[in-house]
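Quick notes on the structure that follows.
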Protein chains: 2
Amino acid sequence: MRGEPAVFEEVFASAPNLEHLSPAARRVLATSASLFYRRGAAATSVRDITSACGLTPGALYNHFASKDDVLYVLVEHGHTSLEQRIAAALVDVEDTPLVRTSAWVRAYVMGHLVHPELAQVVRREYLHLSPARYDRIVRRRRALRHQLSELLRAGAADRNFDLIGGGNGAIRVAVMVLDMCSRTSEWYDPRRNDPPERLAGQYVAAALRLAGAR
Amino acid sequence: MRGEPAVFEEVFASAPNLEHLSPAARRVLATSASLFYRRGAAATSVRDITSACGLTPGALYNHFASKDDVLYVLVEHGHTSLEQRIAAALVDVEDTPLVRTSAWVRAYVMGHLVHPELAQVVRREYLHLSPARYDRIVRRRRALRHQLSELLRAGAADRNFDLIGGGNGAIRVAVMVLDMCSRTSEWYDPRRNDPPERLAGQYVAAALRLAGAR
DNA sequence: TTCAGGTATGAACGACTGTTTACCTCCTTG
DNA sequence: CAAGGAGGTAAACAGTCGTTCATACCTGAA
């Protein structure tokens, strides 16, 4: 988790949501993500970023309006790709709460395991965005939570799930699942831990236990 | 979670692990915790801290060797009080894995809910301590995790628990429980959410589900 | 060939960083 | 009453921060 070089290059070189950015801008993003991951955004200076990609400080401002902009683009991209991953996982999936909940959780976990460094930066740093941007991100996070809690609610309604927490059960359990799953990005190391698919399977099983699936 | 005033005064004024500190030092700690919670330690300056408790910057150095020292004392204190809380919860508790696991989880959650701001600062900022101090804290966190995973292992051995994850099941489930529970401090708001005891009860139930308790 | 536009430079800006220093004012103790 | 230490102040330290600017380069189009 600390100190090892995180290679982001491929992630940003071929990201479908970032085609409009120049290669240099993507290199800035990749480097920023790696540094933000290791030291936090507040503790990373513009000079750190630019010197790590062979630039001088001023050059960054040819691609981004500010350092805050770099962080926002990162957080934006992280959320967009997670949302897309989940949406893709739900098309052509049997329309029962249990199956859809499983698919949803699996995609959510995979999103955090495939690029744990980016996922962690997103999760840790969105709090420090400017208020307007922060609000926008919070809304998207709430929307994700709402998706999951609605699946849980539906499952409880037809007695496939047995939720802890009474009337608030759907949200309560959704938060439990999201918190448990999103934290994987903080300790996951592909060299030490199980492959993502296997781990994701275990987290799906765990989520179903939390939901009280029969 | 953002912007509302967090009142730490009582926490530090009467903390049993901090008697050796002067009242002024405790006021510095209380203010630092509140500011670190809202903006993060890296984004909080010594002048922010001191001006918020009616001091000039130099005065801080009558009580702490450095700004890093302030953070370390906070993190130290947070861990110590959590460890004490858990230890206290386990004395005179029936010696069965299920009961002890329940007591352990309840204490762990309560530690995060009673002073969520402090808990969140501890969890978020210990990563940025100097390497030696970071290592010391990591060891203590591992020890906590070990306590829980041993309870789970014992419960699985006598077939009270049915753990996900095969051979690594005890650690896998322990991480799930710890991640799920420790994140409560990030969203818990005593004015909006259930009282701590009630919420802790729900999290104990959730942990037992994760452990596959019969 | 000329011109324009995107990109990089290196120096500079003022503001702010953590910390140190010299000095002052109390309160306590001998 | 004298001495001394604890705890406060104001000012300054050397760096670093994010950002701007005038300038230069390189590339592709007219």
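Residue names in the structure tokens use chain letters A, B, ... in the order shown, residue numbers from 1 in each chain, and ligand numbers from 1 in the order shown.
Non-sequential neighbours of Arg209 (chain B) (distance at most 9 Å, separation of 6 or more positions within a chain, only C-alpha atoms (C1' of nucleotides)) are A:Ala206, A:Arg209, A:Leu210, A:Ala211, A:Gly212.
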Pull C-alpha atoms from the residues just selected and write them as a CSV table (one decimal), in the first residue's frame.
chain,number,residue,atom,x,y,z
A,206,ALA,CA,-20.9,-11.9,1.8
A,209,ARG,CA,-25.4,-13.1,3.7
A,210,LEU,CA,-25.8,-9.5,4.8
A,211,ALA,CA,-29.0,-9.2,2.8
A,212,GLY,CA,-30.3,-12.4,4.5
Give one line per residue of chain A that approaches chain C to at most 10 Å, naming the two atoms of the closest pair and their distance in Å to one decimal, counting only C-alpha atoms (C1' of nucleotides); sort by chain then ascending residue number and deliver it as a Markdown table.
| residue | atom | partner | partner_atom | distance |
| --- | --- | --- | --- | --- |
| A:Ala24 | CA | C:DT7 | C1' | 9.7 |
| A:Leu55 | CA | C:DA8 | C1' | 7.9 |
| A:Thr56 | CA | C:DT9 | C1' | 7.2 |
| A:Pro57 | CA | C:DT9 | C1' | 9.5 |
| A:Gly58 | CA | C:DT9 | C1' | 8.0 |
| A:Ala59 | CA | C:DA8 | C1' | 6.2 |
| A:Leu60 | CA | C:DA8 | C1' | 9.8 |
| A:Asn62 | CA | C:DT7 | C1' | 7.3 |
| A:His63 | CA | C:DT7 | C1' | 9.5 |
Can I get the selected residues back with N, CA and C atoms, as a short mmCIF file (atom, residue, chain, number, x, y, z; two decimals), in the first residue's frame?
data_model
loop_
_atom_site.label_atom_id
_atom_site.label_comp_id
_atom_site.auth_asym_id
_atom_site.auth_seq_id
_atom_site.Cartn_x
_atom_site.Cartn_y
_atom_site.Cartn_z
N ALA A 24 -0.13 14.04 -23.44
CA ALA A 24 0.56 14.67 -22.30
C ALA A 24 -0.40 14.85 -21.13
N LEU A 55 8.24 17.30 -17.00
CA LEU A 55 7.79 18.62 -17.44
C LEU A 55 8.22 19.67 -16.43
N THR A 56 8.03 20.92 -16.81
CA THR A 56 8.20 22.01 -15.84
C THR A 56 6.82 22.43 -15.37
N PRO A 57 6.76 23.04 -14.18
CA PRO A 57 5.45 23.32 -13.55
C PRO A 57 4.48 24.03 -14.48
N GLY A 58 4.95 25.02 -15.20
CA GLY A 58 4.05 25.80 -16.04
C GLY A 58 3.32 24.97 -17.08
N ALA A 59 3.94 23.92 -17.55
CA ALA A 59 3.37 23.13 -18.64
C ALA A 59 2.04 22.51 -18.24
N LEU A 60 1.86 22.24 -16.97
CA LEU A 60 0.61 21.62 -16.53
C LEU A 60 -0.58 22.48 -16.91
N ASN A 62 -1.10 24.18 -19.47
CA ASN A 62 -1.54 24.07 -20.85
C ASN A 62 -2.65 23.03 -20.99
N HIS A 63 -2.80 22.18 -19.97
CA HIS A 63 -3.74 21.07 -20.08
C HIS A 63 -4.87 21.13 -19.06
#
- Message: So that I can check the surroundings of Ala13 (chain B), please list as a list in words every protein, DNA and RNA residue that reaches within 10 Å of it, counting only C-alpha atoms (C1' of nucleotides) and ignoring chain neighbours fewer than 2 positions away.
- Response: Phe8, Glu9, Glu10, Val11, Ala15, Pro16, Leu18, Glu19, Leu21, Ser22, Pro23, Ala24, Ala25, Arg26, Arg27, Leu29 and Ala30 of chain B
Residue subset to file, keeping C-alpha atoms, as a short mmCIF file (atom, residue, chain, number, x, y, z; two decimals), in the first residue's frame:
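This is the output file selection17.cif:
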data_model
loop_
_atom_site.label_atom_id
_atom_site.label_comp_id
_atom_site.auth_asym_id
_atom_site.auth_seq_id
_atom_site.Cartn_x
_atom_site.Cartn_y
_atom_site.Cartn_z
CA PHE B 8 -14.30 17.74 20.86
CA GLU B 9 -13.73 19.64 24.07
CA GLU B 10 -15.20 17.10 26.48
CA VAL B 11 -13.41 14.24 24.77
CA ALA B 15 -9.45 11.65 28.59
CA PRO B 16 -7.76 9.28 31.03
CA LEU B 18 -4.02 12.43 28.46
CA GLU B 19 -3.80 13.59 32.06
CA LEU B 21 -1.02 17.14 29.16
CA SER B 22 -1.77 20.73 30.13
CA PRO B 23 -5.24 22.13 29.47
CA ALA B 24 -3.80 24.26 26.69
CA ALA B 25 -2.27 21.22 25.05
CA ARG B 26 -5.61 19.48 25.21
CA ARG B 27 -7.28 22.46 23.66
CA LEU B 29 -5.58 18.59 20.39
CA ALA B 30 -9.31 19.21 20.39
#
- Exercise: region 132-143 of chain A partners within 12 Å, only C-alpha atoms (C1' of nucleotides), chain neighbours under 4 positions left out, as a PyMOL selection string: (chain A and resi 68-69+71-80+82-83+122-123+125-128+147-150+171+174-175+178+182) or (chain B and resi 1-2)
- Task: Please determine the contact residues of chain D with respect to chain B at a cut-off of 12 Å, counting only C-alpha atoms (C1' of nucleotides), and supply them as a PyMOL selection string.
- Result: chain D and resi 6-12+17
